[in-house]
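> So that you have it, the file is data16.txt, and it contains compact mmCIF, N, CA and C atoms:
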# COMPACT_ATOMS: atom_id res chain seq x y z
N MET A 28 0.85 -1.17 0.00
CA MET A 28 0.00 0.00 0.00
C MET A 28 0.90 1.24 0.00
N THR A 29 0.64 2.15 -0.88
CA THR A 29 1.46 3.35 -0.97
C THR A 29 0.92 4.42 -0.05
N HIS A 30 1.69 5.47 0.11
CA HIS A 30 1.29 6.58 0.96
C HIS A 30 0.03 7.25 0.41
N ARG A 31 -0.05 7.33 -0.90
CA ARG A 31 -1.22 7.95 -1.52
C ARG A 31 -2.48 7.15 -1.23
N ASP A 32 -2.36 5.82 -1.22
CA ASP A 32 -3.53 4.97 -0.94
C ASP A 32 -3.93 5.06 0.53
N ALA A 33 -3.00 5.28 1.43
CA ALA A 33 -3.29 5.28 2.85
C ALA A 33 -3.90 6.60 3.31
N THR A 34 -3.66 7.70 2.57
CA THR A 34 -4.18 8.99 3.01
C THR A 34 -5.62 9.14 2.56
N PRO A 35 -6.44 9.62 3.48
CA PRO A 35 -7.84 9.82 3.10
C PRO A 35 -7.97 11.02 2.15
N SER A 36 -8.92 10.96 1.27
CA SER A 36 -9.14 12.03 0.31
C SER A 36 -10.02 13.09 0.94
N HIS A 37 -9.66 14.36 0.79
CA HIS A 37 -10.43 15.48 1.33
C HIS A 37 -11.04 16.29 0.20
N GLY A 38 -11.53 15.60 -0.82
CA GLY A 38 -12.19 16.31 -1.91
C GLY A 38 -11.24 16.76 -3.00
N THR A 39 -9.96 16.36 -2.94
CA THR A 39 -9.03 16.72 -4.00
C THR A 39 -8.46 15.44 -4.59
N SER A 40 -8.40 15.39 -5.86
CA SER A 40 -7.83 14.22 -6.52
C SER A 40 -6.33 14.44 -6.67
N PRO A 41 -5.56 13.37 -6.76
CA PRO A 41 -4.11 13.52 -6.93
C PRO A 41 -3.76 14.28 -8.21
N ASP A 42 -4.54 14.11 -9.26
CA ASP A 42 -4.26 14.82 -10.51
C ASP A 42 -4.45 16.33 -10.35
N ARG A 43 -5.50 16.72 -9.64
CA ARG A 43 -5.76 18.14 -9.44
C ARG A 43 -4.66 18.78 -8.58
N THR A 44 -4.26 18.06 -7.52
CA THR A 44 -3.19 18.57 -6.66
C THR A 44 -1.90 18.71 -7.44
N GLU A 45 -1.58 17.73 -8.26
CA GLU A 45 -0.38 17.79 -9.06
C GLU A 45 -0.42 18.94 -10.06
N ARG A 46 -1.56 19.14 -10.69
CA ARG A 46 -1.71 20.23 -11.66
C ARG A 46 -1.57 21.58 -10.98
N GLU A 47 -2.19 21.77 -9.83
CA GLU A 47 -2.10 23.05 -9.11
C GLU A 47 -0.67 23.31 -8.62
N LEU A 48 0.00 22.26 -8.18
CA LEU A 48 1.38 22.40 -7.75
C LEU A 48 2.28 22.79 -8.92
N GLN A 49 2.06 22.18 -10.08
CA GLN A 49 2.84 22.53 -11.27
C GLN A 49 2.61 23.99 -11.67
N GLU A 50 1.36 24.43 -11.60
CA GLU A 50 1.05 25.82 -11.95
C GLU A 50 1.70 26.80 -10.97
N ALA A 51 1.65 26.46 -9.68
CA ALA A 51 2.25 27.34 -8.68
C ALA A 51 3.77 27.42 -8.85
N LEU A 52 4.39 26.28 -9.11
CA LEU A 52 5.84 26.28 -9.31
C LEU A 52 6.22 26.98 -10.61
N ALA A 53 5.43 26.84 -11.64
CA ALA A 53 5.71 27.52 -12.91
C ALA A 53 5.60 29.04 -12.72
N ALA A 54 4.59 29.47 -11.96
CA ALA A 54 4.44 30.91 -11.70
C ALA A 54 5.61 31.43 -10.88
N LEU A 55 6.02 30.65 -9.90
CA LEU A 55 7.15 31.05 -9.08
C LEU A 55 8.44 31.10 -9.90
N ALA A 56 8.66 30.09 -10.74
CA ALA A 56 9.87 30.06 -11.56
C ALA A 56 9.83 31.15 -12.62
N GLY A 57 8.66 31.51 -13.10
CA GLY A 57 8.55 32.57 -14.10
C GLY A 57 8.92 33.93 -13.55
N GLY A 58 8.77 34.13 -12.27
CA GLY A 58 9.10 35.41 -11.65
C GLY A 58 10.56 35.55 -11.28
N VAL A 59 11.34 34.49 -11.41
CA VAL A 59 12.75 34.54 -11.05
C VAL A 59 13.56 35.01 -12.24
N ARG A 60 14.35 36.04 -12.02
CA ARG A 60 15.23 36.57 -13.07
C ARG A 60 16.67 36.51 -12.54
N ALA A 61 17.48 35.79 -13.26
CA ALA A 61 18.88 35.67 -12.86
C ALA A 61 19.64 36.92 -13.29
N ALA A 62 20.58 37.30 -12.46
CA ALA A 62 21.44 38.44 -12.80
C ALA A 62 22.29 38.04 -14.01
N PRO A 63 22.62 38.99 -14.86
CA PRO A 63 23.40 38.64 -16.06
C PRO A 63 24.77 38.04 -15.75
N ASP A 64 25.37 38.46 -14.69
CA ASP A 64 26.70 37.94 -14.36
C ASP A 64 26.66 36.98 -13.17
N ALA A 65 25.53 36.34 -12.93
CA ALA A 65 25.40 35.44 -11.77
C ALA A 65 26.36 34.26 -11.87
N TYR A 66 26.48 33.69 -13.05
CA TYR A 66 27.38 32.53 -13.20
C TYR A 66 28.82 32.95 -12.96
N ARG A 67 29.23 34.07 -13.53
CA ARG A 67 30.60 34.55 -13.37
C ARG A 67 30.90 34.84 -11.90
N THR A 68 29.94 35.45 -11.22
CA THR A 68 30.13 35.75 -9.79
C THR A 68 30.23 34.48 -8.97
N ALA A 69 29.33 33.52 -9.22
CA ALA A 69 29.36 32.27 -8.46
C ALA A 69 30.64 31.50 -8.74
N ARG A 70 31.08 31.49 -10.00
CA ARG A 70 32.31 30.78 -10.34
C ARG A 70 33.52 31.45 -9.69
N GLY A 71 33.54 32.78 -9.68
CA GLY A 71 34.64 33.49 -9.03
C GLY A 71 34.71 33.20 -7.55
N GLU A 72 33.55 33.16 -6.89
CA GLU A 72 33.53 32.84 -5.45
C GLU A 72 34.01 31.42 -5.21
N TRP A 73 33.59 30.50 -6.09
CA TRP A 73 34.02 29.10 -5.94
C TRP A 73 35.53 28.99 -6.12
N LEU A 74 36.08 29.68 -7.12
CA LEU A 74 37.52 29.63 -7.35
C LEU A 74 38.30 30.24 -6.19
N ARG A 75 37.78 31.33 -5.61
CA ARG A 75 38.44 31.92 -4.44
C ARG A 75 38.44 30.95 -3.26
N ARG A 76 37.32 30.29 -3.03
CA ARG A 76 37.26 29.30 -1.95
C ARG A 76 38.21 28.15 -2.20
N GLU A 77 38.29 27.72 -3.46
CA GLU A 77 39.19 26.62 -3.81
C GLU A 77 40.65 27.02 -3.60
N ARG A 78 41.04 28.23 -4.01
CA ARG A 78 42.40 28.71 -3.79
C ARG A 78 42.70 28.82 -2.30
N ARG A 79 41.74 29.33 -1.54
CA ARG A 79 41.95 29.47 -0.10
C ARG A 79 42.10 28.10 0.56
N ARG A 80 41.30 27.14 0.13
CA ARG A 80 41.39 25.79 0.69
C ARG A 80 42.75 25.18 0.39
N ARG A 81 43.24 25.36 -0.83
CA ARG A 81 44.55 24.81 -1.18
C ARG A 81 45.67 25.51 -0.42
N LEU A 82 45.55 26.81 -0.25
CA LEU A 82 46.56 27.56 0.51
C LEU A 82 46.60 27.11 1.96
N VAL A 83 45.43 26.96 2.57
CA VAL A 83 45.37 26.50 3.97
C VAL A 83 45.96 25.10 4.09
N LEU A 84 45.66 24.24 3.13
CA LEU A 84 46.20 22.88 3.16
C LEU A 84 47.72 22.91 3.01
N ALA A 85 48.26 23.73 2.11
CA ALA A 85 49.71 23.82 1.93
C ALA A 85 50.39 24.35 3.20
N VAL A 86 49.80 25.36 3.82
CA VAL A 86 50.37 25.90 5.06
C VAL A 86 50.33 24.85 6.17
N LEU A 87 49.23 24.11 6.25
CA LEU A 87 49.11 23.07 7.27
C LEU A 87 50.15 21.97 7.06
N ILE A 88 50.35 21.56 5.82
CA ILE A 88 51.35 20.53 5.52
C ILE A 88 52.75 21.04 5.88
N ALA A 89 53.06 22.29 5.51
CA ALA A 89 54.37 22.86 5.83
C ALA A 89 54.57 22.95 7.34
N ALA A 90 53.54 23.33 8.08
CA ALA A 90 53.65 23.44 9.53
C ALA A 90 53.88 22.07 10.17
N VAL A 91 53.18 21.06 9.71
CA VAL A 91 53.36 19.71 10.26
C VAL A 91 54.77 19.21 9.94
N PHE A 92 55.24 19.44 8.72
CA PHE A 92 56.59 19.02 8.34
C PHE A 92 57.64 19.73 9.19
N ALA A 93 57.49 21.04 9.37
CA ALA A 93 58.44 21.80 10.17
C ALA A 93 58.42 21.34 11.63
N LEU A 94 57.25 21.10 12.16
CA LEU A 94 57.15 20.62 13.54
C LEU A 94 57.80 19.26 13.71
N ALA A 95 57.56 18.35 12.74
CA ALA A 95 58.18 17.03 12.82
C ALA A 95 59.70 17.13 12.72
N THR A 96 60.19 18.02 11.87
CA THR A 96 61.64 18.22 11.75
C THR A 96 62.22 18.76 13.06
N LEU A 97 61.56 19.76 13.63
CA LEU A 97 62.05 20.33 14.89
C LEU A 97 62.05 19.30 16.02
N ILE A 98 61.01 18.51 16.09
CA ILE A 98 60.95 17.48 17.13
C ILE A 98 62.06 16.46 16.92
N GLY A 99 62.29 16.07 15.67
CA GLY A 99 63.37 15.12 15.38
C GLY A 99 64.72 15.67 15.75
N LEU A 100 64.98 16.93 15.43
CA LEU A 100 66.26 17.54 15.79
C LEU A 100 66.41 17.65 17.30
N TRP A 101 65.33 17.99 17.99
CA TRP A 101 65.38 18.09 19.44
C TRP A 101 65.70 16.73 20.07
N VAL A 102 65.05 15.68 19.55
CA VAL A 102 65.30 14.33 20.08
C VAL A 102 66.74 13.93 19.83
N LEU A 103 67.26 14.22 18.64
CA LEU A 103 68.65 13.89 18.35
C LEU A 103 69.61 14.69 19.23
N ASN A 104 69.25 15.90 19.56
CA ASN A 104 70.09 16.74 20.40
C ASN A 104 70.10 16.26 21.85
N GLN A 105 69.09 15.53 22.26
CA GLN A 105 69.01 15.03 23.63
C GLN A 105 69.85 13.79 23.85
N ALA A 106 70.43 13.22 22.80
CA ALA A 106 71.26 12.02 22.94
C ALA A 106 72.51 12.37 23.74
N PRO A 107 73.02 11.44 24.53
CA PRO A 107 74.23 11.72 25.32
C PRO A 107 75.42 11.98 24.42
N SER A 108 76.30 12.89 24.84
CA SER A 108 77.44 13.26 24.01
C SER A 108 78.62 12.31 24.18
N ASP A 109 78.68 11.55 25.29
CA ASP A 109 79.78 10.61 25.47
C ASP A 109 79.60 9.42 24.55
N PRO A 110 80.69 8.81 24.10
CA PRO A 110 80.56 7.69 23.17
C PRO A 110 79.87 6.52 23.87
N GLY A 111 79.09 5.80 23.13
CA GLY A 111 78.35 4.68 23.68
C GLY A 111 79.23 3.44 23.80
N VAL A 112 78.62 2.35 24.16
CA VAL A 112 79.33 1.09 24.36
C VAL A 112 79.96 0.63 23.06
N ILE A 113 79.32 0.88 21.98
CA ILE A 113 79.83 0.41 20.69
C ILE A 113 81.17 1.06 20.38
N PHE A 114 81.34 2.31 20.70
CA PHE A 114 82.54 3.03 20.34
C PHE A 114 83.55 3.19 21.49
N SER A 115 83.28 2.56 22.62
CA SER A 115 84.16 2.77 23.78
C SER A 115 85.46 1.99 23.68
N GLY A 116 85.50 0.93 22.92
CA GLY A 116 86.71 0.12 22.79
C GLY A 116 86.84 -0.89 23.91
N VAL A 117 86.00 -0.87 24.90
CA VAL A 117 86.05 -1.82 26.00
C VAL A 117 85.45 -3.13 25.53
N GLY A 118 86.19 -4.21 25.75
CA GLY A 118 85.69 -5.52 25.39
C GLY A 118 85.72 -5.78 23.90
N SER A 119 86.52 -5.04 23.17
CA SER A 119 86.56 -5.26 21.73
C SER A 119 87.81 -6.03 21.36
N ALA A 120 87.98 -6.29 20.11
CA ALA A 120 89.11 -7.07 19.62
C ALA A 120 90.28 -6.18 19.25
N THR A 121 90.35 -4.98 19.77
CA THR A 121 91.45 -4.08 19.44
C THR A 121 92.66 -4.38 20.30
N GLY A 122 93.81 -4.07 19.79
CA GLY A 122 95.05 -4.29 20.53
C GLY A 122 95.32 -3.14 21.47
N PRO A 123 96.53 -3.09 22.05
CA PRO A 123 96.85 -2.05 23.01
C PRO A 123 96.86 -0.66 22.41
N ALA A 124 97.16 -0.51 21.16
CA ALA A 124 97.20 0.81 20.54
C ALA A 124 95.86 1.19 19.94
N GLY A 125 94.88 0.35 20.10
CA GLY A 125 93.56 0.65 19.55
C GLY A 125 93.42 0.21 18.11
N HIS A 126 94.37 -0.60 17.62
CA HIS A 126 94.28 -1.10 16.26
C HIS A 126 93.84 -2.55 16.28
N LEU A 127 93.29 -2.98 15.21
CA LEU A 127 92.92 -4.38 15.11
C LEU A 127 94.21 -5.20 15.00
N PRO A 128 94.22 -6.34 15.61
CA PRO A 128 95.44 -7.15 15.53
C PRO A 128 95.67 -7.62 14.10
N GLY A 129 96.90 -7.57 13.66
CA GLY A 129 97.25 -8.00 12.32
C GLY A 129 97.40 -9.50 12.25
N PRO A 130 97.70 -10.01 11.09
CA PRO A 130 97.88 -11.47 10.97
C PRO A 130 99.13 -11.93 11.72
N ALA A 131 99.05 -13.08 12.27
CA ALA A 131 100.17 -13.61 13.05
C ALA A 131 101.32 -13.90 12.09
N GLY A 132 102.48 -13.44 12.45
CA GLY A 132 103.57 -13.80 11.59
C GLY A 132 104.71 -12.94 11.62
Once you've parsed the file, please lay out its structure as structure tokens.


Amino acid sequence: MTHRDATPSHGTSPDRTERELQEALAALAGGVRAAPDAYRTARGEWLRRERRRRLVLAVLIAAVFALATLIGLWVLNQAPSDPGVIFSGVGSATGPAGHLPGPAG
């Protein structure tokens, strides 16, 4: 059962209602006059919004990149300045002068 079948009729047929609605909308549309440069104005506003959106996105990307770079540099700067275990020479295969032992002979 459709909505039209479920609604009680109040003396108007669906065809009459549809015809009156079409006439009312046609009269309303007939009274609308577009400005001669309406398309140009709307397109210009759209292009301005598009440029602004792209500019904001580019600035946001640059800011995130700069922030990530600064954080990375700060983290690297926080590393201890003394040489680590790898470079200390303790427990390595180096000789007394700090050189690798040469071939026996």

> Any idea what the distance is between atom C of Pro41 of chain A and atom CA of Ala53 of chain A?

16.9 Å

> What is the atom CA of Leu48 of chain A to atom CA of Ala65 of chain A distance in Å?

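These two atoms are separated by 27.6 Å.
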
> For the structure I just gave you, how does DSSP split segment 47-86 of chain A - specifically, which residues are alpha helix (DSSP H)? Reply as an mmCIF file with N, CA and C atoms, keeping the file's coordinate frame.


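Everything below was put into states_17.cif:
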data_model
loop_
_atom_site.group_PDB
_atom_site.id
_atom_site.type_symbol
_atom_site.label_atom_id
_atom_site.label_comp_id
_atom_site.auth_asym_id
_atom_site.auth_seq_id
_atom_site.Cartn_x
_atom_site.Cartn_y
_atom_site.Cartn_z
ATOM 1 N N GLU A 47 -2.190 21.770 -9.830
ATOM 2 C CA GLU A 47 -2.100 23.050 -9.110
ATOM 3 C C GLU A 47 -0.670 23.310 -8.620
ATOM 4 N N LEU A 48 0.000 22.260 -8.180
ATOM 5 C CA LEU A 48 1.380 22.400 -7.750
ATOM 6 C C LEU A 48 2.280 22.790 -8.920
ATOM 7 N N GLN A 49 2.060 22.180 -10.080
ATOM 8 C CA GLN A 49 2.840 22.530 -11.270
ATOM 9 C C GLN A 49 2.610 23.990 -11.670
ATOM 10 N N GLU A 50 1.360 24.430 -11.600
ATOM 11 C CA GLU A 50 1.050 25.820 -11.950
ATOM 12 C C GLU A 50 1.700 26.800 -10.970
ATOM 13 N N ALA A 51 1.650 26.460 -9.680
ATOM 14 C CA ALA A 51 2.250 27.340 -8.680
ATOM 15 C C ALA A 51 3.770 27.420 -8.850
ATOM 16 N N LEU A 52 4.390 26.280 -9.110
ATOM 17 C CA LEU A 52 5.840 26.280 -9.310
ATOM 18 C C LEU A 52 6.220 26.980 -10.610
ATOM 19 N N ALA A 53 5.430 26.840 -11.640
ATOM 20 C CA ALA A 53 5.710 27.520 -12.910
ATOM 21 C C ALA A 53 5.600 29.040 -12.720
ATOM 22 N N ALA A 54 4.590 29.470 -11.960
ATOM 23 C CA ALA A 54 4.440 30.910 -11.700
ATOM 24 C C ALA A 54 5.610 31.430 -10.880
ATOM 25 N N LEU A 55 6.020 30.650 -9.900
ATOM 26 C CA LEU A 55 7.150 31.050 -9.080
ATOM 27 C C LEU A 55 8.440 31.100 -9.900
ATOM 28 N N ALA A 56 8.660 30.090 -10.740
ATOM 29 C CA ALA A 56 9.870 30.060 -11.560
ATOM 30 C C ALA A 56 9.830 31.150 -12.620
ATOM 31 N N GLY A 57 8.660 31.510 -13.100
ATOM 32 C CA GLY A 57 8.550 32.570 -14.100
ATOM 33 C C GLY A 57 8.920 33.930 -13.550
ATOM 34 N N ALA A 65 25.530 36.340 -12.930
ATOM 35 C CA ALA A 65 25.400 35.440 -11.770
ATOM 36 C C ALA A 65 26.360 34.260 -11.870
ATOM 37 N N TYR A 66 26.480 33.690 -13.050
ATOM 38 C CA TYR A 66 27.380 32.530 -13.200
ATOM 39 C C TYR A 66 28.820 32.950 -12.960
ATOM 40 N N ARG A 67 29.230 34.070 -13.530
ATOM 41 C CA ARG A 67 30.600 34.550 -13.370
ATOM 42 C C ARG A 67 30.900 34.840 -11.900
ATOM 43 N N THR A 68 29.940 35.450 -11.220
ATOM 44 C CA THR A 68 30.130 35.750 -9.790
ATOM 45 C C THR A 68 30.230 34.480 -8.970
ATOM 46 N N ALA A 69 29.330 33.520 -9.220
ATOM 47 C CA ALA A 69 29.360 32.270 -8.460
ATOM 48 C C ALA A 69 30.640 31.500 -8.740
ATOM 49 N N ARG A 70 31.080 31.490 -10.000
ATOM 50 C CA ARG A 70 32.310 30.780 -10.340
ATOM 51 C C ARG A 70 33.520 31.450 -9.690
ATOM 52 N N GLY A 71 33.540 32.780 -9.680
ATOM 53 C CA GLY A 71 34.640 33.490 -9.030
ATOM 54 C C GLY A 71 34.710 33.200 -7.550
ATOM 55 N N GLU A 72 33.550 33.160 -6.890
ATOM 56 C CA GLU A 72 33.530 32.840 -5.450
ATOM 57 C C GLU A 72 34.010 31.420 -5.210
ATOM 58 N N TRP A 73 33.590 30.500 -6.090
ATOM 59 C CA TRP A 73 34.020 29.100 -5.940
ATOM 60 C C TRP A 73 35.530 28.990 -6.120
ATOM 61 N N LEU A 74 36.080 29.680 -7.120
ATOM 62 C CA LEU A 74 37.520 29.630 -7.350
ATOM 63 C C LEU A 74 38.300 30.240 -6.190
ATOM 64 N N ARG A 75 37.780 31.330 -5.610
ATOM 65 C CA ARG A 75 38.440 31.920 -4.440
ATOM 66 C C ARG A 75 38.440 30.950 -3.260
ATOM 67 N N ARG A 76 37.320 30.290 -3.030
ATOM 68 C CA ARG A 76 37.260 29.300 -1.950
ATOM 69 C C ARG A 76 38.210 28.150 -2.200
ATOM 70 N N GLU A 77 38.290 27.720 -3.460
ATOM 71 C CA GLU A 77 39.190 26.620 -3.810
ATOM 72 C C GLU A 77 40.650 27.020 -3.600
ATOM 73 N N ARG A 78 41.040 28.230 -4.010
ATOM 74 C CA ARG A 78 42.400 28.710 -3.790
ATOM 75 C C ARG A 78 42.700 28.820 -2.300
ATOM 76 N N ARG A 79 41.740 29.330 -1.540
ATOM 77 C CA ARG A 79 41.950 29.470 -0.100
ATOM 78 C C ARG A 79 42.100 28.100 0.560
ATOM 79 N N ARG A 80 41.300 27.140 0.130
ATOM 80 C CA ARG A 80 41.390 25.790 0.690
ATOM 81 C C ARG A 80 42.750 25.180 0.390
ATOM 82 N N ARG A 81 43.240 25.360 -0.830
ATOM 83 C CA ARG A 81 44.550 24.810 -1.180
ATOM 84 C C ARG A 81 45.670 25.510 -0.420
ATOM 85 N N LEU A 82 45.550 26.810 -0.250
ATOM 86 C CA LEU A 82 46.560 27.560 0.510
ATOM 87 C C LEU A 82 46.600 27.110 1.960
ATOM 88 N N VAL A 83 45.430 26.960 2.570
ATOM 89 C CA VAL A 83 45.370 26.500 3.970
ATOM 90 C C VAL A 83 45.960 25.100 4.090
ATOM 91 N N LEU A 84 45.660 24.240 3.130
ATOM 92 C CA LEU A 84 46.200 22.880 3.160
ATOM 93 C C LEU A 84 47.720 22.910 3.010
ATOM 94 N N ALA A 85 48.260 23.730 2.110
ATOM 95 C CA ALA A 85 49.710 23.820 1.930
ATOM 96 C C ALA A 85 50.390 24.350 3.200
ATOM 97 N N VAL A 86 49.800 25.360 3.820
ATOM 98 C CA VAL A 86 50.370 25.900 5.060
ATOM 99 C C VAL A 86 50.330 24.850 6.170
#

> Have a look at atom N of Glu47 of chain A and atom CA of Ala61 of chain A and let me know their distance in Å, one decimal.

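Calculated distance between atom N of Glu47 of chain A and atom CA of Ala61 of chain A is 25.4 Å.
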
> Take every atom of segment 59-63 of chain A listed in the file, fit an axis-aligned box around them, add 6 Å per side, and give the centre and edge lengths in Å to one decimal as lines of an AutoDock Vina configuration file.


center_x = 18.1
center_y = 36.7
center_z = -13.6
size_x = 25.4
size_y = 16.5
size_z = 17.0
